[in-house]
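Reviewing the structure listed below.
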2 protein chains.
Amino acid sequence: MKKDVAVRRTEILEATCRVVVERGFGGTRVADVAEQLDVSTGLIHYHFDSKDQLLAEAFSYAAQEDLARLRADIDAATTPVGKLDAAFAMFEPEDGHPSWGLWIDAWGEAMRVKELATISRTLDVEWKDALEQVIRDGVATGEFMCADPRAAAWRLAALMDGLAVQVTVHDGVLTRRELTDWVRAAAIAELQLPLDAFSMATQRR
Amino acid sequence: MKKDVAVRRTEILEATCRVVVERGFGGTRVADVAEQLDVSTGLIHYHFDSKDQLLAEAFSYAAQEDLARLRADIDAATTPVGKLDAAFAMFEPEDGHPSWGLWIDAWGEAMRVKELATISRTLDVEWKDALEQVIRDGVATGEFMCADPRAAAWRLAALMDGLAVQVTVHDGVLTRRELTDWVRAAAIAELQLPLDAFSMATQRR
DNA sequence: TGCGATACTGATTCATCAGTCAGTTGACTG
DNA sequence: CAGTCAACTGACTGATGAATCAGTATCGCA
């Protein structure tokens with residue numbers, strides 16, 4: 001079945017993401033992507049010059065989707081605490097939220113592939129910037145107290161990354177409950193929130 | 001030149017680590033390892049059944065070395081704050097301390113290779129346990145105040161992991177100075193230390 | 001000093017996969 | 001309803017790299 005180039009390209013990118021999540025960047029073969037869509041391998045090469053380019057574009061696509069979703073979720077929340085919690089909800093995989101597996105893989109790959117490093121760095125920085133903005137807004141309304149929003153944003157994001165690695169890679173060492181609780185506790189400490197700030201937000205959901 | 005099996009095996013494991021740091025798990029070829037030692041590829045297969053086994057053993061070897069060095073550094077420090085700072089010194093690469101690159105790569109690989117997941121999980125847990133013990137000791141002497149040492153250890157470790165990813169993968173987004181400062185600040189908050197706890201420890205070095 | 005055992009070689013085999021290309025199909029266009 | 005162009009196929013090629021194996025070198029020991 002013939003399709004418009006733009007349509008086919010995104011279709012291939014999405015399929016590639018699925019394969020990469022499952023097999024990793026290194027283990028992904030062009031034939032796997034083709035099989036997912038039930039097309040020939042030739043078609044993949046028709047749309048993408050090389051496998052490396054395909055992987056890079058696929059990661060960029062996925063990362064941008066994640067970021068867009070994060071921003072939408074943050075925007076949808078009305079209170080500063082709600083926005084924070086929306087950012088923390090990135091941990092819950094069933095939301096179709098970021099596939100941490102993809103990111104963790106990408107970190108490894110980015111150490112060698114300049115192209116991936118650029119994408120990963122850019123998106124990661126934007127991610128932190130979004131979080132920083134939430135904090136600044138909270139400070140502006142007087143709900144948060146924070147001397148250095150940039151530092152706080154990076155620390156919270158790094159904590160999330162580190163904890164996400166544990167739950168994603170080391171199955172069973174941490175519960176999702178601990179993970180959420182700990183990030184919230186860190187936010188309460190960083191931003192000097194009332195201790196029940198999140199328990200109320202949770203009930204609201 | 002003929003060598004004793006045990007000697008040759010560790011030689012190969014060390015060479016493998018060097019190659020993996022440089023090329024990643026996926027990009028490491030048996031021929032690269034052989035070249036490092038100026039031996040034939042056949043020799044590598046003489047000592048190790050398969051490439052996968054070689055990589056797993058090499059990672060295990062490196063991880064155990066890292067952990068042993070961490071423990072030694074912690075033991076060498078005399079005060080609780082000194083021990084904490086020894087643990088944080090893992091960030092400084094010139095010490096021959098853990099190659100974060102190797103760990104980050106291993107996380108990615110561990111999501112697919114059961115063998116690597118076990119090694120990574122075990123060593124990571126031991127790492128956190130060591131940190132937790134430092135905290136408990138500090139609490140015992142009254143120098144630290146901490147309601148939940150386990151949680152504090154995991155949070156600090158996760159923060160380190162997350163920040164280490166940024167400096168290792170995303171060259172230039174963070175300075176090493178910020179990184180150290182932030183981890184220390186987190187420790188001060190977690191353990192209710194005096195604000196100058198680490199500045200004094202640093203001067204002592 | 002010779003002999004078995006063990007470390008080691010390197011040429012070869014075999015499988016895998018990215019990328020190519022000549023040819024086919026199907027959709028729009030005039 | 002041709003004709004053309006873009007999307008697509010699938011068999012092929014060439015490179016790469018893990019693993020094998022028959023043979024060689026070197027050691028320790030009798």
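Simple scheme: letters A, B, ... for chains in structure tokens order, numbers from 1 for residues in each chain, numbers from 1 for ligands in the order shown.
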Hand me chain A as it sits after a least-squares fit onto chain B over every Cα, paired in order, written as a short mmCIF file (atom, residue, chain, number, x, y, z; two decimals) with C-alpha atoms, in the first residue's frame.
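Saved to out.cif:
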data_model
loop_
_atom_site.label_atom_id
_atom_site.label_comp_id
_atom_site.auth_asym_id
_atom_site.auth_seq_id
_atom_site.Cartn_x
_atom_site.Cartn_y
_atom_site.Cartn_z
CA MET A 1 54.81 -15.03 25.44
CA LYS A 2 53.06 -17.67 27.47
CA LYS A 3 51.41 -16.68 30.72
CA ASP A 4 49.69 -18.31 33.61
CA VAL A 5 45.96 -18.69 33.01
CA ALA A 6 44.92 -16.53 35.94
CA VAL A 7 47.31 -13.77 34.94
CA ARG A 8 46.23 -13.84 31.33
CA ARG A 9 42.56 -13.84 32.23
CA THR A 10 42.75 -10.68 34.32
CA GLU A 11 44.95 -9.12 31.66
CA ILE A 12 42.22 -9.81 29.13
CA LEU A 13 39.51 -8.54 31.45
CA GLU A 14 41.37 -5.29 32.01
CA ALA A 15 41.97 -4.85 28.31
CA THR A 16 38.31 -5.54 27.65
CA CYS A 17 37.31 -2.83 30.11
CA ARG A 18 39.53 -0.36 28.32
CA VAL A 19 37.97 -1.23 24.99
CA VAL A 20 34.43 -1.10 26.37
CA VAL A 21 35.02 2.32 27.88
CA GLU A 22 36.14 3.49 24.48
CA ARG A 23 33.69 1.70 22.18
CA GLY A 24 30.81 0.63 24.39
CA PHE A 25 29.51 -2.87 24.96
CA GLY A 26 27.88 -3.07 21.58
CA GLY A 27 30.85 -1.72 19.68
CA THR A 28 33.46 -3.91 21.32
CA ARG A 29 34.90 -6.61 19.09
CA VAL A 30 36.95 -9.55 20.17
CA ALA A 31 39.60 -8.42 17.71
CA ASP A 32 39.92 -5.08 19.52
CA VAL A 33 40.68 -6.79 22.79
CA ALA A 34 43.19 -9.06 21.10
CA GLU A 35 44.87 -6.10 19.46
CA GLN A 36 45.21 -4.25 22.78
CA LEU A 37 47.29 -7.12 24.12
CA ASP A 38 48.93 -7.93 20.83
CA VAL A 39 47.67 -11.49 20.84
CA SER A 40 45.51 -13.52 18.48
CA THR A 41 41.73 -13.54 18.62
CA GLY A 42 41.97 -17.25 19.14
CA LEU A 43 43.57 -16.65 22.52
CA ILE A 44 40.60 -14.67 23.72
CA HIS A 45 38.33 -17.57 22.81
CA TYR A 46 40.75 -19.93 24.46
CA HIS A 47 40.16 -18.18 27.79
CA PHE A 48 36.52 -17.18 27.37
CA ASP A 49 33.73 -19.22 25.88
CA SER A 50 31.93 -16.37 24.22
CA LYS A 51 32.05 -12.66 23.73
CA ASP A 52 28.97 -12.20 25.89
CA GLN A 53 30.63 -14.02 28.74
CA LEU A 54 33.78 -11.96 28.30
CA LEU A 55 31.83 -8.71 28.46
CA ALA A 56 29.88 -9.81 31.50
CA GLU A 57 33.00 -10.89 33.36
CA ALA A 58 34.82 -7.72 32.40
CA PHE A 59 32.01 -5.56 33.71
CA SER A 60 31.81 -7.59 36.89
CA TYR A 61 35.55 -7.21 37.34
CA ALA A 62 35.46 -3.44 36.83
CA ALA A 63 32.45 -3.01 39.06
CA GLN A 64 34.05 -4.98 41.86
CA GLU A 65 37.22 -2.94 41.56
CA ASP A 66 35.21 0.26 41.81
CA LEU A 67 33.36 -0.98 44.84
CA ALA A 68 36.53 -2.16 46.54
CA ARG A 69 38.15 1.20 45.96
CA LEU A 70 35.11 2.99 47.31
CA ARG A 71 35.19 0.89 50.44
CA ALA A 72 38.90 1.46 50.89
CA ASP A 73 38.48 5.21 50.49
CA ILE A 74 35.63 5.22 52.98
CA ASP A 75 37.63 3.18 55.44
CA ALA A 76 40.62 5.44 55.03
CA ALA A 77 38.62 8.49 56.06
CA THR A 78 38.36 8.96 59.78
CA THR A 79 35.32 11.17 60.33
CA PRO A 80 31.76 10.58 59.12
CA VAL A 81 31.90 13.71 56.98
CA GLY A 82 35.22 12.61 55.59
CA LYS A 83 33.75 9.23 54.69
CA LEU A 84 30.84 10.93 52.96
CA ASP A 85 33.19 13.08 51.00
CA ALA A 86 35.21 10.05 50.03
CA ALA A 87 32.04 8.57 48.55
CA PHE A 88 31.33 11.78 46.67
CA ALA A 89 34.85 11.80 45.29
CA MET A 90 33.67 9.10 42.89
CA PHE A 91 32.96 11.99 40.57
CA GLU A 92 36.55 12.79 39.98
CA PRO A 93 37.68 10.69 37.06
CA GLU A 94 41.39 11.34 37.29
CA ASP A 95 41.48 9.26 40.46
CA GLY A 96 41.02 6.21 38.27
CA HIS A 97 37.71 5.99 40.02
CA PRO A 98 34.71 4.39 38.40
CA SER A 99 34.37 4.98 34.75
CA TRP A 100 30.86 6.33 34.64
CA GLY A 101 30.85 5.63 30.94
CA LEU A 102 31.09 1.94 31.67
CA TRP A 103 28.22 2.06 34.13
CA ILE A 104 25.96 4.10 31.89
CA ASP A 105 26.62 1.69 29.07
CA ALA A 106 26.01 -1.22 31.37
CA TRP A 107 22.61 0.14 32.38
CA GLY A 108 21.51 0.12 28.78
CA GLU A 109 22.90 -3.32 28.20
CA ALA A 110 21.44 -4.68 31.44
CA MET A 111 17.94 -3.99 30.19
CA ARG A 112 18.42 -6.81 27.69
CA VAL A 113 21.12 -9.04 29.12
CA LYS A 114 19.91 -10.78 32.27
CA GLU A 115 23.45 -11.60 33.30
CA LEU A 116 24.56 -7.97 33.25
CA ALA A 117 21.42 -6.88 35.05
CA THR A 118 22.25 -9.17 37.94
CA ILE A 119 25.81 -7.90 38.23
CA SER A 120 24.79 -4.28 37.91
CA ARG A 121 21.97 -4.62 40.42
CA THR A 122 24.08 -6.44 42.97
CA LEU A 123 26.95 -4.01 42.82
CA ASP A 124 24.68 -0.99 42.81
CA VAL A 125 22.87 -2.24 45.89
CA GLU A 126 26.16 -2.84 47.67
CA TRP A 127 27.21 0.64 46.75
CA LYS A 128 24.09 2.07 48.33
CA ASP A 129 24.51 -0.15 51.36
CA ALA A 130 27.99 1.23 51.91
CA LEU A 131 26.65 4.74 51.77
CA GLU A 132 23.82 3.83 54.11
CA GLN A 133 26.34 2.48 56.59
CA VAL A 134 28.31 5.71 56.52
CA ILE A 135 25.11 7.57 57.29
CA ARG A 136 24.17 5.19 60.10
CA ASP A 137 27.61 5.61 61.63
CA GLY A 138 27.27 9.36 61.45
CA VAL A 139 23.89 9.18 63.10
CA ALA A 140 25.36 6.96 65.82
CA THR A 141 28.06 9.51 66.64
CA GLY A 142 25.46 12.25 66.65
CA GLU A 143 27.05 14.12 63.77
CA PHE A 144 24.24 13.36 61.34
CA MET A 145 20.52 13.66 61.90
CA CYS A 146 18.51 11.43 59.65
CA ALA A 147 15.17 9.71 60.11
CA ASP A 148 15.57 7.22 57.27
CA PRO A 149 19.20 6.39 56.43
CA ARG A 150 18.22 3.95 53.71
CA ALA A 151 16.10 6.53 51.89
CA ALA A 152 18.77 9.19 52.34
CA ALA A 153 21.45 6.89 50.93
CA TRP A 154 19.35 6.04 47.88
CA ARG A 155 18.44 9.64 47.25
CA LEU A 156 22.04 10.80 47.45
CA ALA A 157 23.21 7.94 45.26
CA ALA A 158 20.47 8.58 42.72
CA LEU A 159 21.37 12.24 42.66
CA MET A 160 24.97 11.33 41.99
CA ASP A 161 23.96 8.96 39.23
CA GLY A 162 21.72 11.52 37.61
CA LEU A 163 24.31 14.28 37.77
CA ALA A 164 27.06 11.95 36.61
CA VAL A 165 25.02 11.17 33.52
CA GLN A 166 24.86 14.84 32.71
CA VAL A 167 28.59 15.48 33.01
CA THR A 168 29.55 12.24 31.31
CA VAL A 169 27.10 12.25 28.43
CA HIS A 170 26.22 15.90 27.98
CA ASP A 171 29.58 17.48 27.93
CA GLY A 172 29.54 21.04 29.19
CA VAL A 173 26.04 21.41 30.58
CA LEU A 174 27.29 21.21 34.12
CA THR A 175 30.62 22.02 35.67
CA ARG A 176 32.28 19.60 37.98
CA ARG A 177 32.22 22.31 40.59
CA GLU A 178 28.41 22.60 40.44
CA LEU A 179 28.16 18.88 40.61
CA THR A 180 30.25 18.54 43.75
CA ASP A 181 28.60 21.53 45.38
CA TRP A 182 25.15 20.21 44.69
CA VAL A 183 25.76 16.77 46.06
CA ARG A 184 27.28 18.27 49.17
CA ALA A 185 24.35 20.65 49.53
CA ALA A 186 21.98 17.71 49.25
CA ALA A 187 23.93 15.85 51.93
CA ILE A 188 23.85 18.88 54.20
CA ALA A 189 20.08 19.05 53.81
CA GLU A 190 19.51 15.30 54.15
CA LEU A 191 21.71 14.90 57.20
CA GLN A 192 21.24 18.34 58.74
CA LEU A 193 24.92 19.13 58.73
CA PRO A 194 26.40 22.51 59.49
CA LEU A 195 26.66 24.51 56.28
CA ASP A 196 30.43 24.53 56.32
CA ALA A 197 30.81 20.81 56.96
CA PHE A 198 32.43 20.11 53.61
CA SER A 199 34.40 23.28 53.09
CA MET A 200 36.44 22.24 56.12
CA ALA A 201 36.79 18.69 54.86
CA THR A 202 38.02 19.99 51.52
CA GLN A 203 40.67 22.16 53.07
CA ARG A 204 41.96 19.18 54.89
CA ARG A 205 42.69 17.33 51.65
#
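Here atom C1' of DC17 of chain C is placed at a distance of 23.6 Å from atom C1' of DA7 of chain D.
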For chain D versus chain A, which residues have an atom no more than 10 Å away, and what is each residue's nearest atom pair and distance in Å rounded to one decimal, using only C-alpha atoms (C1' of nucleotides), chain-then-number order, as JSON lines?
{"residue": "D:DA6", "atom": "C1'", "partner": "A:Val5", "partner_atom": "CA", "distance": 9.3}
{"residue": "D:DA7", "atom": "C1'", "partner": "A:Lys2", "partner_atom": "CA", "distance": 5.8}
{"residue": "D:DC8", "atom": "C1'", "partner": "A:Leu43", "partner_atom": "CA", "distance": 6.2}
{"residue": "D:DT9", "atom": "C1'", "partner": "A:Ser40", "partner_atom": "CA", "distance": 6.4}
{"residue": "D:DG10", "atom": "C1'", "partner": "A:Ser40", "partner_atom": "CA", "distance": 7.3}
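Around DC29 of chain D, within 12 Å and counting only C-alpha atoms (C1' of nucleotides), the residues found are DT1, DG2, DC3, DG4 and DA5 of chain C, once anything fewer than 4 positions away on its own chain is removed.
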For the residues in that selection, give me C-alpha atoms (C1' of nucleotides) as a PDB file, in the first residue's frame.
ATOM      1  C1'  DT C   1      66.695 -34.676  26.903  1.00  0.00           C
ATOM      2  C1'  DG C   2      62.739 -35.863  25.564  1.00  0.00           C
ATOM      3  C1'  DC C   3      57.713 -35.815  26.232  1.00  0.00           C
ATOM      4  C1'  DG C   4      53.369 -34.525  27.560  1.00  0.00           C
ATOM      5  C1'  DA C   5      50.527 -30.749  28.611  1.00  0.00           C
TER       6       DA C   5
END
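Atom C1' of DA11 of chain D is found 10.7 Å from atom C1' of DT20 of chain C.
Any residue of chain C with an atom within 8 Å of chain A counts; using only C-alpha atoms (C1' of nucleotides), that gives DC17, DA18, DG19 and DG26 of chain C.
As for atom C1' of DT24 of chain D and atom C1' of DC8 of chain C, they are spaced 8.3 Å apart.
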Practice item. Pull the helix (DSSP H, G or I) assignments for segment 9-200 of chain A out of DSSP run on the backbone, and list those residues as a ChimeraX atom specification. Key: /A:9-27,30-37,41-47,51-76,80-91,93-95,100-110,114-141,149-169,176-191,197-200
Check your understanding: Hey, which of D:DC5, D:DC12, D:DA25, D:DA18 ends up closest to DC28 of chain C? Count only C-alpha atoms (C1' of nucleotides).
Key -> D:DC5
